[in-house]
Amino acid sequence: MRNTATALGVIMTLGLAAGAAEAASLRMSWWGGDSRHVATQEALKVCGEKHGHTIQPEFTGWTGHQEKVTTQLAGGTEADIMQINWPWLPLFSLDGSGFADLNEYKHIIDLSQWPEEQLQAGVMNGKLNGLPISTTGRVFFFNKTTFEKAGLSLPASWEELIAAAPVFKEKLGADYYPFHAADLNALLIISLVTTQMTGKDLIDPATKQVSWTPEELQKGIEFYQRLVDQGVVRPWKEWASEGEVQLDQLPMWSEGRIAGSYEWDSTYTQFADPLQEGQELLPVKLLKVDGAVTEGVYRKPSMVFSISTRSKDPEAAAQIVNCLLNEPEGIMALRDTRGIPTSRVAAQMLAENGAIPESLIEAHKFVMEAEGPAVSPFNEHPEIREIFEGTLESFAYGQTSAADAATEIIDGINGVLEEF
């Protein structure tokens, strides 16, 4: 009798914990493609059934989604659970009041599954406004087949990559390049080497101003020009003359005549799939400049889940978020439709079930093991990107000097940041 009473007590205790949020009717919004839409709807179905809630899905493509969320937040009509692009956090919640503080629901959401660094990436003014769904970062991919044809091993440093350029042209042809850097890639390469030389991210989180001096950024821009001058990368102007076609869609890439790039780890298959049969694309550790004080990894949450401050059932919403990211039902339904999960238990479960390609796991490992200063979401503010990229394009076209471009970029970005 005593055992029966004890068991009943345990069941009642578990039932009270599970029932902390009564049956609720929720809404969840996100953007994505067809595979994400299908997977997320299935995940909401199984998680809803598990916890006794119904969740209305609201999904769109990428185009226009930010504008939709902006309108909803302004009018108080946003969904209970929202998929938010990480750089949007300071736009929607600079003071931390735009979304619920998920720390208030840590009795429901198992936050211990996230590394502290990743949780901090979703904090605005001391409040956990967004829970990182997956973590992504830039990594180097090289065409092993092309390098082998040139009699070279894959580069392990910038100097080795630069030294490969004349060998490519001598042994393979004048139109062979060991690397690609134009447009956004040029910007990110310049940011990488400037971070490596200074140990600082573009944006100082304390002052919300550019942390690099004009002289430091000038050196980064001049490094990029060295890559162009020595035939490591095609000139920006030459790439643009072909209509600014994305790298993975260029015949030069699929044929192996461009043999490397600096891309998001999560896009490995996007760049590996177009290669002609017999070619092999491999990720490598971050290349470092001489005298680097950090690897300078560009690592960030790809997106976050946030809960509305106006949700009528925030604890129910928290249950669904935890199910999607930490519980088997949600994990196996979502799989890798939002990248390799940041949640430890989710990443481990998917890896054990063979749901993630080995090369993607290796690329992600390089990103997660590299070190560097925390990346500010302001790096991807649309106006900041436009100023940085537009000025670099003028430099690449010979319309301004490296020194003037550096000053113009810093002054322009600081002008945007003054609004915050």
# chains A, B, ... in the order shown; residues from 1 in each chain; ligands from 1
$ residues_around --residues "A:Leu128" --least-positions-apart "5" --cutoff "12 Å" --atoms "only C-alpha atoms" --output "count of residues only"
27
$ select_by_dssp --residues "stretch 292-407 of chain A" --states "strand (DSSP E or B)" --output "list of chain:residue names"
A:Arg299, A:Lys300, A:Pro301, A:Ser302, A:Met303, A:Val304, A:Phe305, A:Ser306, A:Ile307, A:Thr337, A:Gly339, A:Pro341
$ residues_around --residues "A:Gln56" --least-positions-apart "6" --cutoff "9 Å" --atoms "only C-alpha atoms" --output "PyMOL selection string"
chain A and resi 25-29+41+44
$ residues_around --residues "A:Leu187" --least-positions-apart "5" --cutoff "12 Å" --atoms "only C-alpha atoms" --output "number ranges by chain"
A: 180-182, 192-194, 202, 217, 220-221, 223-225, 236, 262, 379-380, 384-393, 395-396, 406, 409
$ residues_around --residues "A:Gly61" --least-positions-apart "4" --cutoff "12 Å" --atoms "only C-alpha atoms" --output "mmCIF file with C-alpha atoms, in the first residue's frame"
data_model
loop_
_atom_site.group_PDB
_atom_site.id
_atom_site.type_symbol
_atom_site.label_atom_id
_atom_site.label_comp_id
_atom_site.auth_asym_id
_atom_site.auth_seq_id
_atom_site.Cartn_x
_atom_site.Cartn_y
_atom_site.Cartn_z
ATOM 1 C CA SER A 29 5.668 31.962 -37.369
ATOM 2 C CA TRP A 30 8.790 31.239 -39.427
ATOM 3 C CA TRP A 31 10.351 31.608 -42.864
ATOM 4 C CA GLY A 32 12.022 28.964 -44.986
ATOM 5 C CA GLY A 33 11.690 26.597 -47.920
ATOM 6 C CA ASP A 34 9.405 23.647 -48.518
ATOM 7 C CA SER A 35 11.480 21.116 -46.557
ATOM 8 C CA ARG A 36 11.518 23.369 -43.482
ATOM 9 C CA HIS A 37 7.804 24.060 -43.778
ATOM 10 C CA HIS A 65 9.349 38.106 -43.611
ATOM 11 C CA GLN A 66 11.185 40.828 -41.699
ATOM 12 C CA GLU A 67 8.615 43.371 -42.851
ATOM 13 C CA LYS A 68 5.809 41.033 -41.759
#
$ closest_atom_pairs --of "stretch 208-258 of chain A" --to "stretch 274-296 of chain A" --cutoff "7 Å" --atoms "only C-alpha atoms" --output "Markdown table"
| residue | atom | partner | partner_atom | distance |
| --- | --- | --- | --- | --- |
| A:Asp248 | CA | A:Pro274 | CA | 6.7 |
| A:Ser254 | CA | A:Leu275 | CA | 4.1 |
| A:Glu255 | CA | A:Gln276 | CA | 6.1 |
$ closest_residue --among "A:Gly64, A:Arg335, A:Trp114, A:Glu408" --to "A:Thr213" --atoms "only C-alpha atoms"
A:Glu408
$ residues_around --residues "A:Lys208" --least-positions-apart "3" --cutoff "10 Å" --atoms "only C-alpha atoms" --output "list in words"
Leu202, Ile203, Asp204, Pro205, Ser211, Ser376, Phe378, Asn414, Leu417, Glu418, Glu419 and Phe420 of chain A
$ write_last_selection --atoms "N, CA and C atoms" --output "mmCIF file, in the first residue's frame"
data_model
loop_
_atom_site.group_PDB
_atom_site.id
_atom_site.type_symbol
_atom_site.label_atom_id
_atom_site.label_comp_id
_atom_site.auth_asym_id
_atom_site.auth_seq_id
_atom_site.Cartn_x
_atom_site.Cartn_y
_atom_site.Cartn_z
ATOM 1 N N LEU A 202 34.502 43.783 -35.673
ATOM 2 C CA LEU A 202 34.216 45.069 -36.295
ATOM 3 C C LEU A 202 33.574 46.050 -35.316
ATOM 4 N N ILE A 203 32.602 45.557 -34.534
ATOM 5 C CA ILE A 203 31.844 46.433 -33.640
ATOM 6 C C ILE A 203 32.245 46.200 -32.186
ATOM 7 N N ASP A 204 32.570 47.258 -31.489
ATOM 8 C CA ASP A 204 32.863 47.181 -30.061
ATOM 9 C C ASP A 204 31.531 47.081 -29.318
ATOM 10 N N PRO A 205 31.273 45.988 -28.598
ATOM 11 C CA PRO A 205 29.975 45.818 -27.936
ATOM 12 C C PRO A 205 29.723 46.841 -26.834
ATOM 13 N N SER A 211 35.404 49.149 -33.837
ATOM 14 C CA SER A 211 36.538 48.947 -32.935
ATOM 15 C C SER A 211 37.886 49.061 -33.638
ATOM 16 N N SER A 376 29.219 40.808 -33.185
ATOM 17 C CA SER A 376 28.036 41.623 -32.911
ATOM 18 C C SER A 376 26.994 41.437 -34.016
ATOM 19 N N PHE A 378 25.235 43.633 -35.120
ATOM 20 C CA PHE A 378 25.270 44.826 -35.965
ATOM 21 C C PHE A 378 26.141 44.621 -37.204
ATOM 22 N N ASN A 414 29.840 54.107 -38.189
ATOM 23 C CA ASN A 414 29.630 54.805 -36.923
ATOM 24 C C ASN A 414 28.400 55.708 -36.983
ATOM 25 N N LEU A 417 25.466 53.478 -36.393
ATOM 26 C CA LEU A 417 25.422 52.987 -35.013
ATOM 27 C C LEU A 417 25.006 54.069 -34.011
ATOM 28 N N GLU A 418 25.187 55.319 -34.370
ATOM 29 C CA GLU A 418 24.791 56.400 -33.464
ATOM 30 C C GLU A 418 23.294 56.371 -33.181
ATOM 31 N N GLU A 419 22.519 55.766 -34.078
ATOM 32 C CA GLU A 419 21.066 55.685 -33.896
ATOM 33 C C GLU A 419 20.726 54.737 -32.737
ATOM 34 N N PHE A 420 21.720 53.908 -32.348
ATOM 35 C CA PHE A 420 21.446 52.914 -31.321
ATOM 36 C C PHE A 420 22.131 53.233 -29.994
#
$ select_by_dssp --residues "stretch 68-244 of chain A" --states "alpha helix (DSSP H)" --output "PDB file with C-alpha atoms, in the first residue's frame"
ATOM      1  CA  LYS A  68       5.809  41.033 -41.759  1.00  0.00           C
ATOM      2  CA  VAL A  69       7.274  40.599 -38.258  1.00  0.00           C
ATOM      3  CA  THR A  70       7.891  44.355 -37.985  1.00  0.00           C
ATOM      4  CA  THR A  71       4.250  45.074 -38.781  1.00  0.00           C
ATOM      5  CA  GLN A  72       2.986  42.418 -36.377  1.00  0.00           C
ATOM      6  CA  LEU A  73       5.162  43.601 -33.493  1.00  0.00           C
ATOM      7  CA  ALA A  74       4.093  47.195 -34.071  1.00  0.00           C
ATOM      8  CA  GLY A  75       0.423  46.188 -34.060  1.00  0.00           C
ATOM      9  CA  LEU A  89      17.382  41.241 -32.236  1.00  0.00           C
ATOM     10  CA  PRO A  90      18.825  44.763 -31.768  1.00  0.00           C
ATOM     11  CA  LEU A  91      16.323  46.084 -34.311  1.00  0.00           C
ATOM     12  CA  PHE A  92      13.300  44.677 -32.481  1.00  0.00           C
ATOM     13  CA  GLU A 116      27.006  29.871 -22.355  1.00  0.00           C
ATOM     14  CA  GLU A 117      28.593  31.718 -25.292  1.00  0.00           C
ATOM     15  CA  GLN A 118      25.638  30.802 -27.493  1.00  0.00           C
ATOM     16  CA  LEU A 119      23.068  31.806 -24.889  1.00  0.00           C
ATOM     17  CA  GLN A 120      24.798  35.183 -24.563  1.00  0.00           C
ATOM     18  CA  ALA A 121      24.387  35.699 -28.303  1.00  0.00           C
ATOM     19  CA  LYS A 144      41.125  18.732 -53.261  1.00  0.00           C
ATOM     20  CA  THR A 145      41.081  17.367 -56.814  1.00  0.00           C
ATOM     21  CA  THR A 146      42.233  20.642 -58.384  1.00  0.00           C
ATOM     22  CA  PHE A 147      44.991  21.133 -55.824  1.00  0.00           C
ATOM     23  CA  GLU A 148      46.214  17.584 -56.450  1.00  0.00           C
ATOM     24  CA  LYS A 149      46.305  18.238 -60.212  1.00  0.00           C
ATOM     25  CA  TRP A 158      47.312  32.346 -46.129  1.00  0.00           C
ATOM     26  CA  GLU A 159      50.905  32.302 -47.361  1.00  0.00           C
ATOM     27  CA  GLU A 160      50.495  28.748 -48.658  1.00  0.00           C
ATOM     28  CA  LEU A 161      47.318  29.793 -50.467  1.00  0.00           C
ATOM     29  CA  ILE A 162      49.062  32.807 -52.018  1.00  0.00           C
ATOM     30  CA  ALA A 163      51.995  30.612 -53.083  1.00  0.00           C
ATOM     31  CA  ALA A 164      49.557  28.263 -54.847  1.00  0.00           C
ATOM     32  CA  ALA A 165      48.417  30.909 -57.354  1.00  0.00           C
ATOM     33  CA  PRO A 166      51.479  30.907 -59.684  1.00  0.00           C
ATOM     34  CA  VAL A 167      51.611  27.097 -59.536  1.00  0.00           C
ATOM     35  CA  PHE A 168      47.973  26.894 -60.628  1.00  0.00           C
ATOM     36  CA  LYS A 169      48.610  29.173 -63.588  1.00  0.00           C
ATOM     37  CA  GLU A 170      51.790  27.374 -64.634  1.00  0.00           C
ATOM     38  CA  LYS A 171      50.466  23.812 -64.365  1.00  0.00           C
ATOM     39  CA  LEU A 184      30.187  39.766 -49.655  1.00  0.00           C
ATOM     40  CA  ASN A 185      33.057  37.262 -49.689  1.00  0.00           C
ATOM     41  CA  ALA A 186      35.573  40.084 -50.143  1.00  0.00           C
ATOM     42  CA  LEU A 187      34.011  41.953 -47.226  1.00  0.00           C
ATOM     43  CA  LEU A 188      34.175  38.889 -44.991  1.00  0.00           C
ATOM     44  CA  ILE A 189      37.761  38.063 -45.961  1.00  0.00           C
ATOM     45  CA  ILE A 190      38.820  41.624 -45.137  1.00  0.00           C
ATOM     46  CA  SER A 191      36.920  41.389 -41.847  1.00  0.00           C
ATOM     47  CA  LEU A 192      38.554  38.040 -41.071  1.00  0.00           C
ATOM     48  CA  VAL A 193      42.147  39.162 -41.591  1.00  0.00           C
ATOM     49  CA  THR A 194      41.544  42.493 -39.795  1.00  0.00           C
ATOM     50  CA  THR A 195      40.088  40.587 -36.845  1.00  0.00           C
ATOM     51  CA  GLN A 196      43.062  38.201 -36.906  1.00  0.00           C
ATOM     52  CA  MET A 197      45.527  41.112 -36.871  1.00  0.00           C
ATOM     53  CA  THR A 198      43.729  43.102 -34.150  1.00  0.00           C
ATOM     54  CA  PRO A 214      41.329  53.372 -40.154  1.00  0.00           C
ATOM     55  CA  GLU A 215      44.934  52.167 -40.320  1.00  0.00           C
ATOM     56  CA  GLU A 216      43.959  48.666 -39.165  1.00  0.00           C
ATOM     57  CA  LEU A 217      41.132  48.372 -41.667  1.00  0.00           C
ATOM     58  CA  GLN A 218      43.385  49.762 -44.397  1.00  0.00           C
ATOM     59  CA  LYS A 219      45.780  46.844 -43.825  1.00  0.00           C
ATOM     60  CA  GLY A 220      42.884  44.417 -44.222  1.00  0.00           C
ATOM     61  CA  ILE A 221      41.822  46.052 -47.486  1.00  0.00           C
ATOM     62  CA  GLU A 222      45.403  46.003 -48.759  1.00  0.00           C
ATOM     63  CA  PHE A 223      45.625  42.299 -47.934  1.00  0.00           C
ATOM     64  CA  TYR A 224      42.602  41.677 -50.145  1.00  0.00           C
ATOM     65  CA  GLN A 225      44.248  43.671 -52.941  1.00  0.00           C
ATOM     66  CA  ARG A 226      47.339  41.498 -52.574  1.00  0.00           C
ATOM     67  CA  LEU A 227      45.163  38.440 -53.269  1.00  0.00           C
ATOM     68  CA  VAL A 228      43.940  40.095 -56.457  1.00  0.00           C
ATOM     69  CA  ASP A 229      47.365  41.326 -57.564  1.00  0.00           C
ATOM     70  CA  TRP A 236      35.812  41.821 -58.497  1.00  0.00           C
ATOM     71  CA  LYS A 237      35.220  43.677 -61.773  1.00  0.00           C
ATOM     72  CA  GLU A 238      35.747  40.507 -63.802  1.00  0.00           C
ATOM     73  CA  TRP A 239      33.301  38.536 -61.676  1.00  0.00           C
ATOM     74  CA  ALA A 240      30.702  41.332 -61.879  1.00  0.00           C
TER      75      ALA A 240
END
$ closest_residue --among "A:Ala355, A:Ile84, A:Cys47, A:Ala24" --to "A:Glu327" --atoms "only C-alpha atoms"
A:Cys47
